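Data first, discussion second: the structure below is written as structure tokens.
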Amino acid sequence: MVIFLVMALVAVLLSDVYIWYNFVHGAALPWSAAYWIPTLVLAVSMILFRTHSSQTAINIAVALLLCVAAPKLIFTLVSLAGRLGSGIWPAAAAYADWTGLALAIAAGAVLAYGCTKGWKRLTVRHVEIVSEDLPPSFDGYRIVQMSDLHLGTFGRSDSYMRSVAGRIDDIAPDLVAFTGDLVNISPEEAEPFVKAMSSIHARDGVVSVLGNHDYCPYKRNSSAEQAAHDLEYVKQIERRAGWRLLLNENIPVVRGGDTIHIVGVENTGRPPFPSYGDLTGAMRGLPEGGFKVLLSHDPTHWRDEVLPASDIQLTLSGHTHAMQLKVCGFSPSSLMYSEWGGLYEHDGRMLNVSTGTGGNLPFRLGAWPEIVVITLRSGRRAAAETETPDGAVTDTRTEANKAA
């Protein structure tokens with residue numbers, strides 16, 4: 001993180017110096033001085049985030065980086081290219097300046113949408129899971145998955161969380177499953193949202209697991225005792241909201257004479273993320289061959305342990321956020337994770353990775369926040385998924401997911 005912040009600041013300063021020297025230098029002093037205000041605020045906010053873990057500071061920094069600094073950098077690169085090419089074509093510099101300006105304005109507008117509207121543009125994705133192991137009584141059983149709320153990003157306003165709860169109530173699911181990362185840094189972030197959290201209802205309640213952020217490892221100057229206190233605080237908030245937190249354990253869900261089991265493990269991931277999960281312990285006492293749904297925050301757990309060491313038919317994960325960016329079906333998250341968003345299948349066993357209902361940064365573009373409606377079907381048909389953004393239903397299953 002420190003290296004990224006330093007590199008970002010250096011890039012911002014270099015583009016600012018270039019633009020100031022070539023286009024602002026010589027203007028009236030108030031205008032010349034005002035030009036540097038966004039960069040000064042950006043530097044201060046980065047320092048405050050680094051020294052005090054301030055969510056407000058990182059929100060301001062992200063907005064300035066994306067909506068101001070990034071367009072400036074785009075203009076600088078295009079303008080520089082024009083000046084380098086002016087020796088061959090004298091008019092290149094002027095054309096490059098106007099082209100760079102147009103690209104910078106367009107990029108700024110798109111990124112501003114991601115910073116203002118995109119990170120709260122809630123979508124609904126529909127997934128159908130078909131399994132011969134599912135008891136007939138559960139045919140049509142609906143689970144709503146939400147994940148990675150990161151409530152600290154929303155400050156103290158619970159309006160978005162209330163809209164999530166309202167959308168879930170409209171769906172009227174049988175079960176709601178939350179797959180981790182309630183907070184960003186500190187458990188206090190979730191306090192303003194307990195009422196909205198408790199307004200989420202389902203016939204069989206809300207079940208949840210912990211994500212890596214819920215252990216509050218990113219809190220500055222935190223002792224082991226403080227970390228243990230913060231973890232217990234997060235657990236109590238979920239319980240106060242009426243959620244059933246699964247800590248390496250399982251619970252039955254009964255319909256008529258049939259039963260399926262919901263299994264939940266603590267965060268289990270690859271370094272640098274912590275691993276506290278105990279899949280064997282979580283499955284203790286379960287019948288072999290019965291239908292099981294596993295909640296595990298990190299999708300890497302699926303290939304690392306779930307597939308080779310269990311008979312779990314459906315795993316629900318989150319964690320990746322699709323890096324909150326997806327353009328033409330591509331997300332940079334795909335460079336880090338084999339399974340980063342959507343529905344995956346291996347020998348008839350399924351993994352659904354939610355790209356997140358919230359986000360740890362106030363920005364999303366393409367990878368819109370989502371809740372996932374999972375309908376269980378008893379039979380042999382292939383699984384499928386659709387997405388419902390703003391009321392439209394479209395097929396969103398990718399070829400990579402199909403072949404996984």
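As shown in the structure tokens, the chain order sets the letters A, B, ...; within each chain, residues go from 1, and ligands are also counted from 1 in the order they appear.
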For this session: Fewer than 4 positions away in the same chain doesn't count, so skip those; otherwise give me all residues within 10 Å of Ile47 of chain A, counting only C-alpha atoms, as a list in words.
Result: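 After dropping sequence-adjacent residues, the list is Leu5, Val41, Leu42, Ala43, Thr51, His52, Ser53, Ser54, Ala57, Ile58 and Ala61 of chain A.
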Those residues with C-alpha atoms, as a short mmCIF file (atom, residue, chain, number, x, y, z; two decimals), in the first residue's frame please?
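That gives us selection-v2.cif:
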data_model
loop_
_atom_site.label_atom_id
_atom_site.label_comp_id
_atom_site.auth_asym_id
_atom_site.auth_seq_id
_atom_site.Cartn_x
_atom_site.Cartn_y
_atom_site.Cartn_z
CA LEU A 5 0.61 5.60 -2.54
CA VAL A 41 -5.70 17.94 -0.54
CA LEU A 42 -4.83 14.59 -2.13
CA ALA A 43 -1.42 14.51 -0.42
CA THR A 51 -1.21 7.58 9.75
CA HIS A 52 -4.77 7.40 11.14
CA SER A 53 -6.56 4.79 8.98
CA SER A 54 -9.20 7.42 8.23
CA ALA A 57 -9.42 10.44 4.05
CA ILE A 58 -9.25 7.44 1.73
CA ALA A 61 -8.15 10.47 -1.93
#
Problem set entry | Spatial neighbours of segment 168-172 of chain A, max dist 10 Å, only C-alpha atoms, sep filter under 5 positions, as a ChimeraX atom specification | /A:124,142-146,162-163,199-203,371-373
Go ahead and write the residues just picked, N, CA and C atoms, as a PDB file, in the first residue's frame.
ATOM      1  N   VAL A 124     -29.225  -7.167  -9.318  1.00  0.00           N
ATOM      2  CA  VAL A 124     -29.651  -8.484  -8.831  1.00  0.00           C
ATOM      3  C   VAL A 124     -29.251  -9.512  -9.877  1.00  0.00           C
ATOM      4  N   ARG A 142     -34.958 -20.678  -2.320  1.00  0.00           N
ATOM      5  CA  ARG A 142     -34.218 -19.497  -2.768  1.00  0.00           C
ATOM      6  C   ARG A 142     -33.343 -18.933  -1.654  1.00  0.00           C
ATOM      7  N   ILE A 143     -32.065 -18.765  -1.995  1.00  0.00           N
ATOM      8  CA  ILE A 143     -31.081 -18.156  -1.102  1.00  0.00           C
ATOM      9  C   ILE A 143     -30.637 -16.834  -1.710  1.00  0.00           C
ATOM     10  N   VAL A 144     -30.681 -15.767  -0.947  1.00  0.00           N
ATOM     11  CA  VAL A 144     -30.094 -14.498  -1.390  1.00  0.00           C
ATOM     12  C   VAL A 144     -28.712 -14.378  -0.765  1.00  0.00           C
ATOM     13  N   GLN A 145     -27.710 -14.230  -1.605  1.00  0.00           N
ATOM     14  CA  GLN A 145     -26.351 -14.014  -1.121  1.00  0.00           C
ATOM     15  C   GLN A 145     -25.992 -12.538  -1.218  1.00  0.00           C
ATOM     16  N   MET A 146     -25.532 -11.996  -0.105  1.00  0.00           N
ATOM     17  CA  MET A 146     -24.888 -10.682  -0.121  1.00  0.00           C
ATOM     18  C   MET A 146     -23.501 -10.848   0.480  1.00  0.00           C
ATOM     19  N   ARG A 162     -30.359   0.296   3.787  1.00  0.00           N
ATOM     20  CA  ARG A 162     -31.827   0.140   3.829  1.00  0.00           C
ATOM     21  C   ARG A 162     -32.373  -0.235   2.456  1.00  0.00           C
ATOM     22  N   SER A 163     -31.742   0.289   1.396  1.00  0.00           N
ATOM     23  CA  SER A 163     -32.202  -0.077   0.048  1.00  0.00           C
ATOM     24  C   SER A 163     -31.875  -1.535  -0.243  1.00  0.00           C
ATOM     25  N   SER A 199     -33.339  -5.394   9.690  1.00  0.00           N
ATOM     26  CA  SER A 199     -34.578  -5.340   8.909  1.00  0.00           C
ATOM     27  C   SER A 199     -34.571  -6.324   7.739  1.00  0.00           C
ATOM     28  N   ILE A 200     -33.472  -7.053   7.562  1.00  0.00           N
ATOM     29  CA  ILE A 200     -33.392  -8.070   6.513  1.00  0.00           C
ATOM     30  C   ILE A 200     -34.045  -9.347   7.026  1.00  0.00           C
ATOM     31  N   HIS A 201     -35.039  -9.826   6.291  1.00  0.00           N
ATOM     32  CA  HIS A 201     -35.804 -10.989   6.755  1.00  0.00           C
ATOM     33  C   HIS A 201     -35.816 -12.089   5.701  1.00  0.00           C
ATOM     34  N   ALA A 202     -35.909 -13.306   6.183  1.00  0.00           N
ATOM     35  CA  ALA A 202     -36.081 -14.473   5.328  1.00  0.00           C
ATOM     36  C   ALA A 202     -36.750 -15.555   6.167  1.00  0.00           C
ATOM     37  N   ARG A 203     -37.411 -16.453   5.504  1.00  0.00           N
ATOM     38  CA  ARG A 203     -38.160 -17.505   6.208  1.00  0.00           C
ATOM     39  C   ARG A 203     -37.272 -18.269   7.187  1.00  0.00           C
ATOM     40  N   ILE A 371     -26.611  -8.250  -5.265  1.00  0.00           N
ATOM     41  CA  ILE A 371     -27.087  -9.347  -4.447  1.00  0.00           C
ATOM     42  C   ILE A 371     -27.420 -10.477  -5.417  1.00  0.00           C
ATOM     43  N   VAL A 372     -27.267 -11.705  -4.966  1.00  0.00           N
ATOM     44  CA  VAL A 372     -27.434 -12.856  -5.843  1.00  0.00           C
ATOM     45  C   VAL A 372     -28.592 -13.703  -5.346  1.00  0.00           C
ATOM     46  N   VAL A 373     -29.557 -13.962  -6.228  1.00  0.00           N
ATOM     47  CA  VAL A 373     -30.681 -14.835  -5.898  1.00  0.00           C
ATOM     48  C   VAL A 373     -30.359 -16.220  -6.450  1.00  0.00           C
TER      49      VAL A 373
END
Exercise. So how many Å separate atom CA of Gly264 of chain A and atom CA of Leu246 of chain A, to one decimal?
Worked result: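 Spanning atom CA of Gly264 of chain A to atom CA of Leu246 of chain A is a straight-line distance of 4.9 Å.
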Sorted per-residue table, segment 348-377 of chain A near segment 99-121 of chain A, closest atoms and distance, 9 Å, only C-alpha atoms, as a tab-separated table:
residue	atom	partner	partner_atom	distance
A:Thr357	CA	A:Lys120	CA	8.7
A:Gly358	CA	A:Trp119	CA	7.4
A:Gly359	CA	A:Trp119	CA	7.4
A:Leu361	CA	A:Trp119	CA	8.4
A:Pro362	CA	A:Cys115	CA	5.8
A:Phe363	CA	A:Cys115	CA	4.4
A:Arg364	CA	A:Trp119	CA	4.5
A:Leu365	CA	A:Gly114	CA	5.1
A:Gly366	CA	A:Gly118	CA	7.9
A:Ala367	CA	A:Gly118	CA	8.7
A:Trp368	CA	A:Arg121	CA	6.0
A:Pro369	CA	A:Arg121	CA	6.2
A:Glu370	CA	A:Arg121	CA	8.3
Restricting it to N, CA and C atoms, dump the selection as a PDB file, in the first residue's frame.
ATOM      1  N   THR A 357     -21.621  -6.597  -2.350  1.00  0.00           N
ATOM      2  CA  THR A 357     -22.802  -5.749  -2.231  1.00  0.00           C
ATOM      3  C   THR A 357     -22.407  -4.327  -1.869  1.00  0.00           C
ATOM      4  N   GLY A 358     -21.279  -4.187  -1.190  1.00  0.00           N
ATOM      5  CA  GLY A 358     -20.704  -2.879  -0.884  1.00  0.00           C
ATOM      6  C   GLY A 358     -19.342  -2.773  -1.547  1.00  0.00           C
ATOM      7  N   GLY A 359     -18.396  -2.176  -0.840  1.00  0.00           N
ATOM      8  CA  GLY A 359     -17.039  -2.062  -1.374  1.00  0.00           C
ATOM      9  C   GLY A 359     -16.179  -1.258  -0.428  1.00  0.00           C
ATOM     10  N   LEU A 361     -13.893   0.789  -1.248  1.00  0.00           N
ATOM     11  CA  LEU A 361     -13.614   2.098  -1.832  1.00  0.00           C
ATOM     12  C   LEU A 361     -14.907   2.636  -2.446  1.00  0.00           C
ATOM     13  N   PRO A 362     -15.119   3.937  -2.407  1.00  0.00           N
ATOM     14  CA  PRO A 362     -16.351   4.511  -2.957  1.00  0.00           C
ATOM     15  C   PRO A 362     -16.269   4.655  -4.472  1.00  0.00           C
ATOM     16  N   PHE A 363     -16.122   3.533  -5.149  1.00  0.00           N
ATOM     17  CA  PHE A 363     -16.011   3.538  -6.610  1.00  0.00           C
ATOM     18  C   PHE A 363     -16.334   2.151  -7.143  1.00  0.00           C
ATOM     19  N   ARG A 364     -17.160   2.094  -8.183  1.00  0.00           N
ATOM     20  CA  ARG A 364     -17.380   0.872  -8.957  1.00  0.00           C
ATOM     21  C   ARG A 364     -17.699   1.280 -10.395  1.00  0.00           C
ATOM     22  N   LEU A 365     -17.136   0.518 -11.306  1.00  0.00           N
ATOM     23  CA  LEU A 365     -17.407   0.757 -12.714  1.00  0.00           C
ATOM     24  C   LEU A 365     -17.491  -0.605 -13.407  1.00  0.00           C
ATOM     25  N   GLY A 366     -18.649  -0.904 -13.954  1.00  0.00           N
ATOM     26  CA  GLY A 366     -18.846  -2.196 -14.606  1.00  0.00           C
ATOM     27  C   GLY A 366     -19.131  -3.316 -13.627  1.00  0.00           C
ATOM     28  N   ALA A 367     -18.299  -3.462 -12.642  1.00  0.00           N
ATOM     29  CA  ALA A 367     -18.509  -4.462 -11.587  1.00  0.00           C
ATOM     30  C   ALA A 367     -19.430  -3.860 -10.525  1.00  0.00           C
ATOM     31  N   TRP A 368     -20.698  -3.693 -10.893  1.00  0.00           N
ATOM     32  CA  TRP A 368     -21.660  -3.023 -10.018  1.00  0.00           C
ATOM     33  C   TRP A 368     -21.916  -3.846  -8.756  1.00  0.00           C
ATOM     34  N   PRO A 369     -22.308  -3.216  -7.670  1.00  0.00           N
ATOM     35  CA  PRO A 369     -22.654  -3.980  -6.468  1.00  0.00           C
ATOM     36  C   PRO A 369     -23.835  -4.901  -6.744  1.00  0.00           C
ATOM     37  N   GLU A 370     -23.851  -6.045  -6.067  1.00  0.00           N
ATOM     38  CA  GLU A 370     -24.886  -7.020  -6.387  1.00  0.00           C
ATOM     39  C   GLU A 370     -25.373  -7.780  -5.162  1.00  0.00           C
TER      40      GLU A 370
END
Taking the DSSP secondary structure from the backbone, can you list the residues of segment 145-256 of chain A that are strand (DSSP E or B), as a PDB file with N, CA and C atoms, in the first residue's frame?
ATOM      1  N   GLN A 145     -27.710 -14.230  -1.605  1.00  0.00           N
ATOM      2  CA  GLN A 145     -26.351 -14.014  -1.121  1.00  0.00           C
ATOM      3  C   GLN A 145     -25.992 -12.538  -1.218  1.00  0.00           C
ATOM      4  N   MET A 146     -25.532 -11.996  -0.105  1.00  0.00           N
ATOM      5  CA  MET A 146     -24.888 -10.682  -0.121  1.00  0.00           C
ATOM      6  C   MET A 146     -23.501 -10.848   0.480  1.00  0.00           C
ATOM      7  N   LEU A 175     -33.808 -17.964   2.570  1.00  0.00           N
ATOM      8  CA  LEU A 175     -32.626 -17.801   3.419  1.00  0.00           C
ATOM      9  C   LEU A 175     -31.777 -16.672   2.856  1.00  0.00           C
ATOM     10  N   VAL A 176     -31.134 -15.902   3.736  1.00  0.00           N
ATOM     11  CA  VAL A 176     -30.151 -14.902   3.324  1.00  0.00           C
ATOM     12  C   VAL A 176     -28.796 -15.347   3.846  1.00  0.00           C
ATOM     13  N   ALA A 177     -27.788 -15.336   2.974  1.00  0.00           N
ATOM     14  CA  ALA A 177     -26.432 -15.743   3.343  1.00  0.00           C
ATOM     15  C   ALA A 177     -25.476 -14.582   3.111  1.00  0.00           C
ATOM     16  N   PHE A 178     -24.778 -14.168   4.170  1.00  0.00           N
ATOM     17  CA  PHE A 178     -23.777 -13.106   4.066  1.00  0.00           C
ATOM     18  C   PHE A 178     -22.398 -13.744   4.144  1.00  0.00           C
ATOM     19  N   VAL A 206     -31.132 -15.163   8.567  1.00  0.00           N
ATOM     20  CA  VAL A 206     -29.896 -14.694   7.938  1.00  0.00           C
ATOM     21  C   VAL A 206     -28.732 -15.441   8.572  1.00  0.00           C
ATOM     22  N   VAL A 207     -27.905 -16.078   7.751  1.00  0.00           N
ATOM     23  CA  VAL A 207     -26.697 -16.745   8.229  1.00  0.00           C
ATOM     24  C   VAL A 207     -25.495 -15.991   7.688  1.00  0.00           C
ATOM     25  N   SER A 208     -24.380 -16.041   8.413  1.00  0.00           N
ATOM     26  CA  SER A 208     -23.217 -15.247   8.002  1.00  0.00           C
ATOM     27  C   SER A 208     -21.923 -15.930   8.423  1.00  0.00           C
ATOM     28  N   ARG A 244     -27.345 -15.253  12.194  1.00  0.00           N
ATOM     29  CA  ARG A 244     -26.768 -16.468  12.772  1.00  0.00           C
ATOM     30  C   ARG A 244     -25.352 -16.616  12.222  1.00  0.00           C
ATOM     31  N   LEU A 245     -24.363 -16.236  13.044  1.00  0.00           N
ATOM     32  CA  LEU A 245     -22.966 -16.275  12.630  1.00  0.00           C
ATOM     33  C   LEU A 245     -22.427 -17.694  12.792  1.00  0.00           C
ATOM     34  N   GLU A 249     -18.940 -24.221  11.870  1.00  0.00           N
ATOM     35  CA  GLU A 249     -20.043 -25.055  12.337  1.00  0.00           C
ATOM     36  C   GLU A 249     -21.098 -25.162  11.246  1.00  0.00           C
ATOM     37  N   ASN A 250     -22.118 -25.941  11.513  1.00  0.00           N
ATOM     38  CA  ASN A 250     -23.185 -26.122  10.532  1.00  0.00           C
ATOM     39  C   ASN A 250     -24.541 -26.122  11.226  1.00  0.00           C
ATOM     40  N   ILE A 251     -25.573 -25.800  10.455  1.00  0.00           N
ATOM     41  CA  ILE A 251     -26.940 -25.834  10.960  1.00  0.00           C
ATOM     42  C   ILE A 251     -27.820 -26.540   9.927  1.00  0.00           C
ATOM     43  N   PRO A 252     -28.864 -27.227  10.393  1.00  0.00           N
ATOM     44  CA  PRO A 252     -29.785 -27.873   9.462  1.00  0.00           C
ATOM     45  C   PRO A 252     -30.904 -26.928   9.066  1.00  0.00           C
ATOM     46  N   VAL A 253     -31.419 -27.131   7.859  1.00  0.00           N
ATOM     47  CA  VAL A 253     -32.640 -26.467   7.409  1.00  0.00           C
ATOM     48  C   VAL A 253     -33.597 -27.578   6.992  1.00  0.00           C
ATOM     49  N   VAL A 254     -34.806 -27.536   7.530  1.00  0.00           N
ATOM     50  CA  VAL A 254     -35.744 -28.641   7.343  1.00  0.00           C
ATOM     51  C   VAL A 254     -36.952 -28.186   6.539  1.00  0.00           C
ATOM     52  N   ARG A 255     -37.347 -29.014   5.577  1.00  0.00           N
ATOM     53  CA  ARG A 255     -38.589 -28.841   4.826  1.00  0.00           C
ATOM     54  C   ARG A 255     -39.299 -30.187   4.801  1.00  0.00           C
TER      55      ARG A 255
END
Seminar exercise, completed: With distances taken over only C-alpha atoms, the candidate from A:Asp311, A:Asp230, A:Asp174, A:Asp158 nearest Val263 of chain A is A:Asp311
